[in-house]
file entry.pdb (PDB, C-alpha atoms)
ATOM      1  CA  MET A  22      25.034  -0.458   9.573
ATOM      2  CA  LYS A  23      27.155   2.656   9.184
ATOM      3  CA  SER A  24      26.944   4.879  12.223
ATOM      4  CA  ASN A  25      25.678   7.890  10.248
ATOM      5  CA  MET A  26      22.927   5.985   8.441
ATOM      6  CA  ARG A  27      19.520   5.327   9.983
ATOM      7  CA  ALA A  28      18.144   1.850   9.526
ATOM      8  CA  PRO A  29      15.186   1.463   7.147
ATOM      9  CA  SER A  30      11.899   1.251   8.994
ATOM     10  CA  THR A  31      10.021  -0.789   6.388
ATOM     11  CA  LEU A  32      10.820  -3.618   3.998
ATOM     12  CA  PHE A  33       8.388  -3.980   1.102
ATOM     13  CA  LEU A  34       8.797  -7.523  -0.195
ATOM     14  CA  GLU A  35       6.919  -8.406  -3.365
ATOM     15  CA  ILE A  36       5.825 -12.033  -3.267
ATOM     16  CA  THR A  37       3.965 -11.998  -6.582
ATOM     17  CA  THR A  38       3.143  -9.616  -9.406
ATOM     18  CA  GLU A  39       0.000 -11.540 -10.350
ATOM     19  CA  CYS A  40      -3.525 -10.584  -9.346
ATOM     20  CA  ASN A  41      -7.001 -12.036  -9.792
ATOM     21  CA  SER A  42      -8.731  -8.639  -9.816
ATOM     22  CA  ARG A  43      -9.155  -6.462 -12.902
ATOM     23  CA  CYS A  44      -8.898  -3.041 -11.285
ATOM     24  CA  ARG A  45      -9.392  -0.159 -13.680
ATOM     25  CA  TYR A  46      -6.771   2.016 -11.940
ATOM     26  CA  CYS A  47      -4.141  -0.734 -11.699
ATOM     27  CA  HIS A  48      -3.230  -3.085 -14.521
ATOM     28  CA  MET A  49      -0.846  -5.254 -12.528
ATOM     29  CA  TRP A  50      -3.195  -8.151 -13.286
ATOM     30  CA  ALA A  51      -1.692  -8.171 -16.784
ATOM     31  CA  LEU A  52       1.713  -9.185 -15.380
ATOM     32  CA  LYS A  53       3.015 -12.703 -14.846
ATOM     33  CA  ASP A  54       5.694 -13.863 -12.421
ATOM     34  CA  GLN A  55       8.934 -14.692 -14.173
ATOM     35  CA  SER A  56      10.783 -18.005 -14.048
ATOM     36  CA  ASP A  57      13.673 -16.305 -12.212
ATOM     37  CA  SER A  58      11.468 -15.005  -9.377
ATOM     38  CA  LEU A  59      12.881 -15.285  -5.865
ATOM     39  CA  SER A  60      12.284 -18.571  -4.071
ATOM     40  CA  THR A  61      10.629 -18.748  -0.671
ATOM     41  CA  ASN A  62      14.014 -19.483   0.933
ATOM     42  CA  GLU A  63      15.503 -16.402  -0.714
ATOM     43  CA  LYS A  64      12.658 -14.271   0.636
ATOM     44  CA  VAL A  65      13.189 -15.699   4.118
ATOM     45  CA  ALA A  66      16.866 -14.752   3.870
ATOM     46  CA  ILE A  67      15.901 -11.193   2.882
ATOM     47  CA  ILE A  68      13.629 -10.881   5.921
ATOM     48  CA  ASN A  69      16.450 -12.119   8.152
ATOM     49  CA  GLN A  70      18.821  -9.551   6.655
ATOM     50  CA  PHE A  71      16.280  -6.825   7.308
ATOM     51  CA  TYR A  72      15.905  -7.999  10.910
ATOM     52  CA  GLN A  73      19.658  -7.585  11.400
ATOM     53  CA  MET A  74      19.321  -3.997  10.196
ATOM     54  CA  ASN A  75      16.228  -3.145  12.244
ATOM     55  CA  PRO A  76      14.834  -5.670  14.761
ATOM     56  CA  GLU A  77      11.860  -3.346  15.342
ATOM     57  CA  GLY A  78      11.017  -2.842  11.683
ATOM     58  CA  GLU A  79       7.992  -3.736   9.577
ATOM     59  CA  VAL A  80       7.746  -6.153   6.665
ATOM     60  CA  VAL A  81       5.011  -5.458   4.110
ATOM     61  CA  LEU A  82       4.238  -8.476   1.924
ATOM     62  CA  THR A  83       3.042  -7.003  -1.350
ATOM     63  CA  GLY A  84       1.562  -8.129  -4.640
ATOM     64  CA  GLY A  85      -0.249  -8.433  -6.924
ATOM     65  CA  GLU A  86      -2.606 -10.403  -4.747
ATOM     66  CA  PRO A  87      -0.571 -12.047  -1.944
ATOM     67  CA  PHE A  88      -3.145 -14.790  -1.321
ATOM     68  CA  LEU A  89      -2.480 -16.244  -4.760
ATOM     69  CA  LYS A  90       0.617 -17.614  -2.970
ATOM     70  CA  LYS A  91      -1.021 -18.335   0.364
ATOM     71  CA  GLU A  92       1.377 -21.079   1.507
ATOM     72  CA  GLU A  93       4.400 -18.833   0.990
ATOM     73  CA  PHE A  94       2.530 -15.892   2.498
ATOM     74  CA  PHE A  95       1.890 -17.674   5.794
ATOM     75  CA  GLU A  96       5.438 -19.043   5.892
ATOM     76  CA  LEU A  97       6.871 -15.526   5.572
ATOM     77  CA  VAL A  98       4.452 -14.170   8.182
ATOM     78  CA  GLN A  99       5.583 -16.907  10.547
ATOM     79  CA  VAL A 100       9.217 -15.886  10.031
ATOM     80  CA  CYS A 101       8.283 -12.303  10.930
ATOM     81  CA  ARG A 102       6.410 -13.496  14.020
ATOM     82  CA  GLN A 103       9.381 -15.548  15.202
ATOM     83  CA  LEU A 104      11.713 -12.586  14.765
ATOM     84  CA  GLY A 105       9.329 -10.138  16.426
ATOM     85  CA  LEU A 106       8.952  -8.016  13.279
ATOM     86  CA  THR A 107       5.678  -6.271  12.495
ATOM     87  CA  SER A 108       4.130  -7.680   9.326
ATOM     88  CA  SER A 109       1.315  -6.513   7.093
ATOM     89  CA  THR A 110      -0.293  -7.022   3.718
ATOM     90  CA  ASN A 111      -2.914  -5.573   1.407
ATOM     91  CA  THR A 112      -5.508  -7.812  -0.238
ATOM     92  CA  ASN A 113      -8.580  -7.546  -2.442
ATOM     93  CA  GLY A 114     -10.180 -10.099  -0.115
ATOM     94  CA  THR A 115     -11.743 -12.226  -2.838
ATOM     95  CA  LEU A 116      -9.647 -15.301  -2.021
ATOM     96  CA  ILE A 117     -10.170 -15.180   1.738
ATOM     97  CA  GLU A 118     -12.652 -17.875   2.652
ATOM     98  CA  GLY A 119     -12.829 -21.174   4.506
ATOM     99  CA  GLN A 120      -9.616 -22.235   6.215
ATOM    100  CA  ILE A 121      -7.771 -19.078   5.184
ATOM    101  CA  VAL A 122     -10.072 -17.051   7.465
ATOM    102  CA  ASN A 123      -9.071 -19.221  10.435
ATOM    103  CA  ASP A 124      -5.410 -19.097   9.443
ATOM    104  CA  ILE A 125      -5.440 -15.294   9.418
ATOM    105  CA  ALA A 126      -7.229 -15.151  12.756
ATOM    106  CA  CYS A 127      -4.765 -17.573  14.363
ATOM    107  CA  ARG A 128      -1.458 -16.869  12.615
ATOM    108  CA  GLY A 129      -1.942 -13.875  10.396
ATOM    109  CA  PRO A 130       0.143 -10.726  10.004
ATOM    110  CA  SER A 131       0.145  -7.856  12.481
ATOM    111  CA  TYR A 132      -2.446  -6.185  10.319
ATOM    112  CA  ILE A 133      -4.226  -6.901   7.067
ATOM    113  CA  VAL A 134      -5.644  -4.189   4.817
ATOM    114  CA  PHE A 135      -8.634  -4.960   2.595
ATOM    115  CA  SER A 136      -9.223  -2.866  -0.506
ATOM    116  CA  LEU A 137     -12.833  -1.644  -0.370
ATOM    117  CA  ASP A 138     -13.755   1.401  -2.419
ATOM    118  CA  SER A 139     -17.369   1.967  -1.444
ATOM    119  CA  ASP A 140     -20.280   0.992   0.726
ATOM    120  CA  GLU A 141     -22.117   0.398  -2.556
ATOM    121  CA  ALA A 142     -21.559  -2.717  -4.675
ATOM    122  CA  THR A 143     -21.938  -0.892  -7.991
ATOM    123  CA  VAL A 144     -19.096   1.566  -7.270
ATOM    124  CA  HIS A 145     -16.688  -0.985  -5.813
ATOM    125  CA  ASP A 146     -17.320  -3.498  -8.604
ATOM    126  CA  TYR A 147     -16.856  -0.773 -11.217
ATOM    127  CA  HIS A 148     -13.489   0.192  -9.744
ATOM    128  CA  ARG A 149     -12.443  -3.453  -9.531
ATOM    129  CA  GLY A 150     -13.598  -4.333 -13.012
ATOM    130  CA  ALA A 151     -15.355  -7.465 -11.765
ATOM    131  CA  GLN A 152     -18.987  -7.902 -10.862
ATOM    132  CA  GLY A 153     -19.450  -9.637  -7.514
ATOM    133  CA  SER A 154     -16.118  -8.561  -6.009
ATOM    134  CA  TYR A 155     -17.896  -6.337  -3.474
ATOM    135  CA  ASP A 156     -19.882  -9.273  -2.095
ATOM    136  CA  GLN A 157     -16.730 -11.396  -1.889
ATOM    137  CA  THR A 158     -14.709  -8.700  -0.126
ATOM    138  CA  VAL A 159     -17.436  -7.734   2.344
ATOM    139  CA  GLY A 160     -18.115 -11.418   2.993
ATOM    140  CA  ALA A 161     -14.437 -12.011   3.740
ATOM    141  CA  LEU A 162     -14.284  -8.990   6.051
ATOM    142  CA  THR A 163     -17.418 -10.046   7.916
ATOM    143  CA  SER A 164     -16.199 -13.615   8.302
ATOM    144  CA  LEU A 165     -12.724 -12.623   9.471
ATOM    145  CA  VAL A 166     -13.955 -10.081  12.023
ATOM    146  CA  SER A 167     -16.497 -12.566  13.373
ATOM    147  CA  THR A 168     -13.977 -15.424  13.572
ATOM    148  CA  ARG A 169     -11.385 -13.243  15.240
ATOM    149  CA  ASN A 170     -13.843 -11.900  17.785
ATOM    150  CA  LYS A 171     -15.256 -15.330  18.640
ATOM    151  CA  SER A 172     -11.780 -16.779  19.123
ATOM    152  CA  GLY A 173     -10.688 -13.907  21.346
ATOM    153  CA  LEU A 174      -7.573 -13.532  19.193
ATOM    154  CA  ARG A 175      -6.894  -9.936  18.260
ATOM    155  CA  GLU A 176      -3.277 -10.157  17.182
ATOM    156  CA  THR A 177      -4.213  -9.247  13.606
ATOM    157  CA  GLU A 178      -5.756  -5.838  13.061
ATOM    158  CA  VAL A 179      -8.250  -5.644  10.187
ATOM    159  CA  LEU A 180      -8.309  -2.443   8.156
ATOM    160  CA  ILE A 181      -9.975  -1.093   5.023
ATOM    161  CA  ASN A 182      -8.231   1.054   2.401
ATOM    162  CA  THR A 183     -10.330   3.113  -0.002
ATOM    163  CA  VAL A 184      -9.006   4.544  -3.256
ATOM    164  CA  VAL A 185     -10.642   7.961  -3.582
ATOM    165  CA  THR A 186     -11.983   8.895  -7.027
ATOM    166  CA  SER A 187     -14.725  11.076  -8.444
ATOM    167  CA  LYS A 188     -17.058   8.089  -7.947
ATOM    168  CA  ASN A 189     -16.782   8.027  -4.147
ATOM    169  CA  VAL A 190     -15.242  11.290  -2.925
ATOM    170  CA  GLY A 191     -18.665  12.618  -1.938
ATOM    171  CA  LYS A 192     -19.410   9.561   0.227
ATOM    172  CA  LEU A 193     -16.298   9.232   2.367
ATOM    173  CA  ILE A 194     -18.180   9.604   5.654
ATOM    174  CA  ASP A 195     -20.641   6.938   4.509
ATOM    175  CA  ILE A 196     -17.712   4.602   3.829
ATOM    176  CA  VAL A 197     -16.247   5.245   7.282
ATOM    177  CA  CYS A 198     -19.629   4.581   8.895
ATOM    178  CA  PHE A 199     -19.960   1.363   6.898
ATOM    179  CA  ALA A 200     -16.522   0.277   8.103
ATOM    180  CA  GLU A 201     -17.635   0.890  11.684
ATOM    181  CA  HIS A 202     -20.698  -1.260  11.000
ATOM    182  CA  LEU A 203     -18.461  -4.072   9.731
ATOM    183  CA  GLY A 204     -16.441  -3.931  12.952
ATOM    184  CA  VAL A 205     -13.026  -3.377  11.406
ATOM    185  CA  ASP A 206     -10.243  -1.660  13.301
ATOM    186  CA  GLY A 207      -9.409   1.162  10.940
ATOM    187  CA  VAL A 208      -9.908   2.947   7.626
ATOM    188  CA  THR A 209      -7.234   4.519   5.435
ATOM    189  CA  LEU A 210      -7.608   6.545   2.243
ATOM    190  CA  GLN A 211      -5.500   6.622  -0.904
ATOM    191  CA  MET A 212      -5.981   9.172  -3.670
ATOM    192  CA  LEU A 213      -6.425   8.036  -7.259
ATOM    193  CA  THR A 214      -3.100   8.144  -9.092
ATOM    194  CA  PRO A 215      -2.195   7.575 -12.732
ATOM    195  CA  THR A 216      -2.845   3.916 -13.478
ATOM    196  CA  PHE A 217      -0.202   1.514 -12.199
ATOM    197  CA  PHE A 218       1.412  -0.609 -14.940
ATOM    198  CA  ARG A 219      -0.976   0.905 -17.442
ATOM    199  CA  VAL A 220      -1.984  -1.239 -20.414
ATOM    200  CA  GLY A 221      -2.566   0.865 -23.508
ATOM    201  CA  ARG A 222      -1.569   4.333 -24.586
ATOM    202  CA  HIS A 223      -4.217   6.403 -22.821
ATOM    203  CA  ASP A 224      -5.000   6.489 -19.113
ATOM    204  CA  LYS A 225      -8.758   6.566 -19.596
ATOM    205  CA  PHE A 226      -9.825   5.755 -16.033
ATOM    206  CA  PHE A 227      -7.587   8.447 -14.563
ATOM    207  CA  GLU A 228      -8.719  11.000 -17.132
ATOM    208  CA  ASP A 229     -12.386  10.217 -16.469
ATOM    209  CA  HIS A 230     -12.273   9.986 -12.676
ATOM    210  CA  PHE A 231      -9.645  12.396 -11.392
ATOM    211  CA  PHE A 232     -11.972  14.944  -9.778
ATOM    212  CA  LEU A 233     -13.169  17.004 -12.726
ATOM    213  CA  ASN A 234     -15.097  19.119 -10.188
ATOM    214  CA  LYS A 235     -12.108  19.998  -8.039
ATOM    215  CA  PRO A 236     -13.825  22.481  -5.666
ATOM    216  CA  SER A 237     -16.468  19.871  -4.833
ATOM    217  CA  ALA A 238     -13.865  17.165  -4.196
ATOM    218  CA  ILE A 239     -11.787  19.482  -1.998
ATOM    219  CA  ASN A 240     -14.909  20.421  -0.058
ATOM    220  CA  SER A 241     -15.733  16.738   0.528
ATOM    221  CA  LEU A 242     -12.297  16.238   2.062
ATOM    222  CA  GLN A 243     -12.774  19.387   4.130
ATOM    223  CA  ILE A 244     -16.029  18.013   5.541
ATOM    224  CA  LEU A 245     -14.145  14.844   6.503
ATOM    225  CA  ARG A 246     -11.375  16.928   8.098
ATOM    226  CA  GLU A 247     -13.916  18.771  10.209
ATOM    227  CA  SER A 248     -15.623  15.502  11.211
ATOM    228  CA  ARG A 249     -12.467  13.429  11.684
ATOM    229  CA  ASN A 250     -12.509  13.451  15.486
ATOM    230  CA  LYS A 251     -15.959  11.849  15.452
ATOM    231  CA  PHE A 252     -14.482   8.724  13.855
ATOM    232  CA  PRO A 253     -11.695   7.109  15.918
ATOM    233  CA  ILE A 254     -11.644   4.363  13.295
ATOM    234  CA  LEU A 255     -10.223   6.785  10.705
ATOM    235  CA  ARG A 256      -6.471   6.209  10.341
ATOM    236  CA  VAL A 257      -5.667   9.420   8.490
ATOM    237  CA  THR A 258      -4.438  12.604  10.122
ATOM    238  CA  ASP A 259      -5.469  16.177   9.468
ATOM    239  CA  ALA A 260      -2.162  16.608   7.637
ATOM    240  CA  ASP A 261      -2.975  13.588   5.453
ATOM    241  CA  LEU A 262      -6.276  15.151   4.400
ATOM    242  CA  PHE A 263      -4.650  18.550   3.862
ATOM    243  CA  TRP A 264      -2.137  17.095   1.424
ATOM    244  CA  MET A 265      -4.876  15.127  -0.312
ATOM    245  CA  GLN A 266      -6.653  18.416  -0.937
ATOM    246  CA  LYS A 267      -3.443  19.893  -2.356
ATOM    247  CA  TYR A 268      -3.019  16.808  -4.526
ATOM    248  CA  ILE A 269      -6.376  17.433  -6.205
ATOM    249  CA  LEU A 270      -4.996  20.747  -7.488
ATOM    250  CA  ASP A 271      -1.968  19.041  -9.061
ATOM    251  CA  ALA A 272      -1.879  15.264  -9.459
ATOM    252  CA  PHE A 273       1.680  15.178 -10.737
ATOM    253  CA  LEU A 274       3.841  17.471  -8.624
ATOM    254  CA  THR A 275       3.662  18.421  -4.947
ATOM    255  CA  ALA A 276       4.123  22.018  -3.846
ATOM    256  CA  ARG A 277       7.447  21.079  -2.273
ATOM    257  CA  PRO A 278       9.392  17.871  -1.605
ATOM    258  CA  ILE A 279       7.413  15.966   1.037
ATOM    259  CA  CYS A 280       8.661  12.400   0.528
ATOM    260  CA  ASN A 281      11.273  10.654   2.621
ATOM    261  CA  SER A 282      10.857   7.111   1.351
ATOM    262  CA  HIS A 283      14.582   7.164   0.584
ATOM    263  CA  TYR A 284      15.308   7.265   4.318
ATOM    264  CA  ARG A 285      12.510   4.891   5.367
ATOM    265  CA  ASN A 286      11.969   2.126   2.854
ATOM    266  CA  LEU A 287      13.622  -0.775   1.119
ATOM    267  CA  VAL A 288      11.545  -2.105  -1.768
ATOM    268  CA  VAL A 289      12.447  -5.574  -3.072
ATOM    269  CA  ASP A 290      10.611  -6.834  -6.141
ATOM    270  CA  HIS A 291       9.851 -10.479  -6.967
ATOM    271  CA  LYS A 292      13.152 -10.824  -8.866
ATOM    272  CA  GLY A 293      15.277  -9.363  -6.053
ATOM    273  CA  ASP A 294      15.908  -5.883  -7.479
ATOM    274  CA  VAL A 295      16.085  -3.275  -4.712
ATOM    275  CA  ARG A 296      14.870   0.329  -4.713
ATOM    276  CA  LEU A 297      14.369   3.110  -2.161
ATOM    277  CA  CYS A 298      10.824   3.816  -3.353
ATOM    278  CA  PHE A 299       8.390   2.341  -5.831
ATOM    279  CA  ASN A 300       9.248   4.979  -8.450
ATOM    280  CA  MET A 301      13.012   5.127  -7.962
ATOM    281  CA  SER A 302      13.739   3.663 -11.385
ATOM    282  CA  LYS A 303      11.574   6.369 -12.970
ATOM    283  CA  ILE A 304      13.471   9.088 -11.131
ATOM    284  CA  LEU A 305      16.920   7.618 -11.796
ATOM    285  CA  ASP A 306      16.692   6.526 -15.430
ATOM    286  CA  GLY A 307      15.906   2.890 -14.735
ATOM    287  CA  ARG A 308      18.567   2.280 -12.120
ATOM    288  CA  VAL A 309      18.152   0.063  -9.068
ATOM    289  CA  LEU A 310      20.443  -0.296  -6.056
ATOM    290  CA  GLY A 311      21.315  -3.856  -6.984
ATOM    291  CA  ASN A 312      19.958  -7.343  -6.555
ATOM    292  CA  THR A 313      19.643  -9.443  -3.412
ATOM    293  CA  ARG A 314      21.296 -12.391  -5.174
ATOM    294  CA  SER A 315      24.585 -10.524  -5.410
ATOM    295  CA  LEU A 316      24.509  -7.860  -2.673
ATOM    296  CA  THR A 317      23.255  -7.644   0.909
ATOM    297  CA  LEU A 318      20.479  -5.268   1.890
ATOM    298  CA  GLU A 319      22.839  -3.412   4.204
ATOM    299  CA  ASP A 320      25.448  -2.875   1.489
ATOM    300  CA  MET A 321      22.816  -1.537  -0.887
ATOM    301  CA  TRP A 322      21.140   0.663   1.755
ATOM    302  CA  SER A 323      24.366   2.375   2.811
ATOM    303  CA  GLY A 324      26.307   2.199  -0.457
ATOM    304  CA  GLN A 325      27.459   4.982  -2.737
ATOM    305  CA  LEU A 326      24.653   4.448  -5.248
ATOM    306  CA  ALA A 327      21.996   4.762  -2.527
ATOM    307  CA  ASN A 328      23.575   7.945  -1.217
ATOM    308  CA  ALA A 329      23.731   9.394  -4.727
ATOM    309  CA  ALA A 330      20.095   8.428  -5.236
ATOM    310  CA  ARG A 331      19.125  10.184  -2.013
ATOM    311  CA  ASP A 332      20.744  13.404  -3.240
ATOM    312  CA  VAL A 333      18.389  13.337  -6.247
ATOM    313  CA  MET A 334      15.360  12.137  -4.294
ATOM    314  CA  GLU A 335      15.735  14.930  -1.741
ATOM    315  CA  GLU A 336      14.364  17.285  -4.397
ATOM    316  CA  CYS A 337      11.738  14.925  -5.811
ATOM    317  CA  ARG A 338       8.258  16.438  -6.091
ATOM    318  CA  LEU A 339       6.439  13.538  -7.736
ATOM    319  CA  SER A 340       2.933  13.235  -6.346
ATOM    320  CA  CYS A 341       3.512   9.685  -5.071
ATOM    321  CA  GLY A 342       5.189  11.486  -2.186
ATOM    322  CA  ILE A 343       1.773  11.963  -0.557
ATOM    323  CA  LEU A 344       1.363   8.201  -0.025
ATOM    324  CA  ASN A 345       1.497   7.220   3.640
ATOM    325  CA  CYS A 346       4.325   4.802   2.889
ATOM    326  CA  HIS A 347       6.366   7.630   1.331
ATOM    327  CA  ARG A 348       5.440  10.919   2.982
ATOM    328  CA  ARG A 349       7.360  12.434   5.873
ATOM    329  CA  GLN A 350       5.382  11.535   8.965
ATOM    330  CA  ASP A 351       6.308  14.771  10.747
ATOM    331  CA  LEU A 352       4.903  16.895   7.933
ATOM    332  CA  THR A 353       2.227  19.345   9.012
ATOM    333  CA  CYS A 354      -0.350  21.322   7.028
TER     334      CYS A 354
END

call {"tool": "encode", "arguments": {"input": "entry.pdb", "output": "structure tokens"}}
result
Amino acid sequence: MKSNMRAPSTLFLEITTECNSRCRYCHMWALKDQSDSLSTNEKVAIINQFYQMNPEGEVVLTGGEPFLKKEEFFELVQVCRQLGLTSSTNTNGTLIEGQIVNDIACRGPSYIVFSLDSDEATVHDYHRGAQGSYDQTVGALTSLVSTRNKSGLRETEVLINTVVTSKNVGKLIDIVCFAEHLGVDGVTLQMLTPTFFRVGRHDKFFEDHFFLNKPSAINSLQILRESRNKFPILRVTDADLFWMQKYILDAFLTARPICNSHYRNLVVDHKGDVRLCFNMSKILDGRVLGNTRSLTLEDMWSGQLANAARDVMEECRLSCGILNCHRRQDLTC
């Protein structure tokens, strides 16, 4: 690592693009893994390279739905455990049952985040595009929390992430209270964005559900801001909620550059292409830093192309900058 370059704090490692959900605001389920996807051994090598760069870093195993590749998932988590790296993942929870519940409780990641968009089945299932997904997700959460508590093992934190839309913005406190009832460790919020990997010409879900009544949506977030200290389970700061309110006014550009993903993150997709944020290719005309099959993470992180990319990304005002994984953590209201 060059002396003037900070190590990345987080490695996002995509283990599959495929997903068994049919979320209306994410069409990643339409993708298929390619025949030239990274092997498990190649992914292990990437984690080891990251460890050499930052022994105190975090590895986020992303999808698609990671539990579609559960054997590889647990193997990569074990590598992180052996190295002392924090590990995490996000799941829709619909595949977590039976032995997988015990495996997570005994040898799971540092924390696991379940996508749950409401305390009401109708809203969650509508978002997910699949009837019955609410019952599956809540069942998985209940089973995992119970198994973990009975075993006395609390190495894996269990969290809920809620995508905030016009369908649930008025019930955020109800969702937090429901999460407390389930016994999870934390709740995070993520604002609705333009549809990921959109299929089709028009972004109908975003157009229909991006807070048409903006004053009401902003007020709902304000009520949560004023009540935040009553809910220790809530893993969003006052600054988070402030920038969410600003986001409602403009879903495409932030008031000023607030992202520093380019100094925090390495994003490796399932084919080994490396970026500094999830939208780097969009910002830089399709370019990536390189591929893990031909270059090391360290060379890409500290190379000329990365430094040139950072010069451009310093001025980036794309709204994805409000995401917790992207936004400057020292940013105030």

call {"tool": "atom_distance", "arguments": {"input": "entry.pdb", "atom1": "CA of Ile36 (chain A)", "atom2": "CA of Gly105 (chain A)"}}
result
20.1 Å

call {"tool": "closest_residue", "arguments": {"input": "entry.pdb", "among": "A:Met334, A:Ile269, A:Val205, A:Ile121", "to": "Val190 (chain A)", "atoms": "all atoms listed in the file"}}
result
A:Ile269

call {"tool": "atom_distance", "arguments": {"input": "entry.pdb", "atom1": "CA of Leu97 (chain A)", "atom2": "CA of Glu63 (chain A)"}}
result
10.7 Å

call {"tool": "residues_around", "arguments": {"input": "entry.pdb", "residues": "Thr61 (chain A)", "least_positions_apart": "2", "cutoff": "10 Å", "atoms": "only C-alpha atoms", "output": "ChimeraX atom specification"}}
result
/A:36,58-59,63-67,92-94,96-97

call {"tool": "closest_residue", "arguments": {"input": "entry.pdb", "among": "A:Thr258, A:Ser167, A:Asn281, A:Thr186", "to": "Thr214 (chain A)", "atoms": "only C-alpha atoms"}}
result
A:Thr186

call {"tool": "resolve_selection", "arguments": {"input": "entry.pdb", "expression": "the PyMOL selection byres ((chain A and resi 218-231) around 6)", "output": "number ranges by chain"}}
result
A: 48-49, 186-187, 215-217, 232-233

call {"tool": "atom_distance", "arguments": {"input": "entry.pdb", "atom1": "CA of Tyr147 (chain A)", "atom2": "CA of Ala51 (chain A)"}}
result
17.8 Å

call {"tool": "closest_residue", "arguments": {"input": "entry.pdb", "among": "A:Val288, A:Ile181, A:Leu274, A:Val295", "to": "Leu316 (chain A)", "atoms": "all atoms listed in the file"}}
result
A:Val295

call {"tool": "closest_atom_pairs", "arguments": {"input": "entry.pdb", "of": "region 237-315 of chain A", "to": "region 38-44 of chain A", "cutoff": "12 Å", "atoms": "only C-alpha atoms", "output": "JSON lines"}}
result
{"residue": "A:Val289", "atom": "CA", "partner": "A:Thr38", "partner_atom": "CA", "distance": 12.0}
{"residue": "A:Asp290", "atom": "CA", "partner": "A:Thr38", "partner_atom": "CA", "distance": 8.6}
{"residue": "A:His291", "atom": "CA", "partner": "A:Thr38", "partner_atom": "CA", "distance": 7.2}
{"residue": "A:Lys292", "atom": "CA", "partner": "A:Thr38", "partner_atom": "CA", "distance": 10.1}

call {"tool": "closest_residue", "arguments": {"input": "entry.pdb", "among": "A:His145, A:Lys188, A:Arg45, A:Arg314", "to": "Ser60 (chain A)", "atoms": "all atoms listed in the file"}}
result
A:Arg314

call {"tool": "closest_residue", "arguments": {"input": "entry.pdb", "among": "A:Leu34, A:Cys198, A:Val184, A:Leu245", "to": "Tyr46 (chain A)", "atoms": "only C-alpha atoms"}}
result
A:Val184

call {"tool": "residues_near_point", "arguments": {"input": "entry.pdb", "point": "(-10.9, -16.8, 11.8)", "cutoff": "12 Å", "atoms": "all atoms listed in the file", "output": "PyMOL selection string"}}
result
chain A and resi 117-129+161-177+179
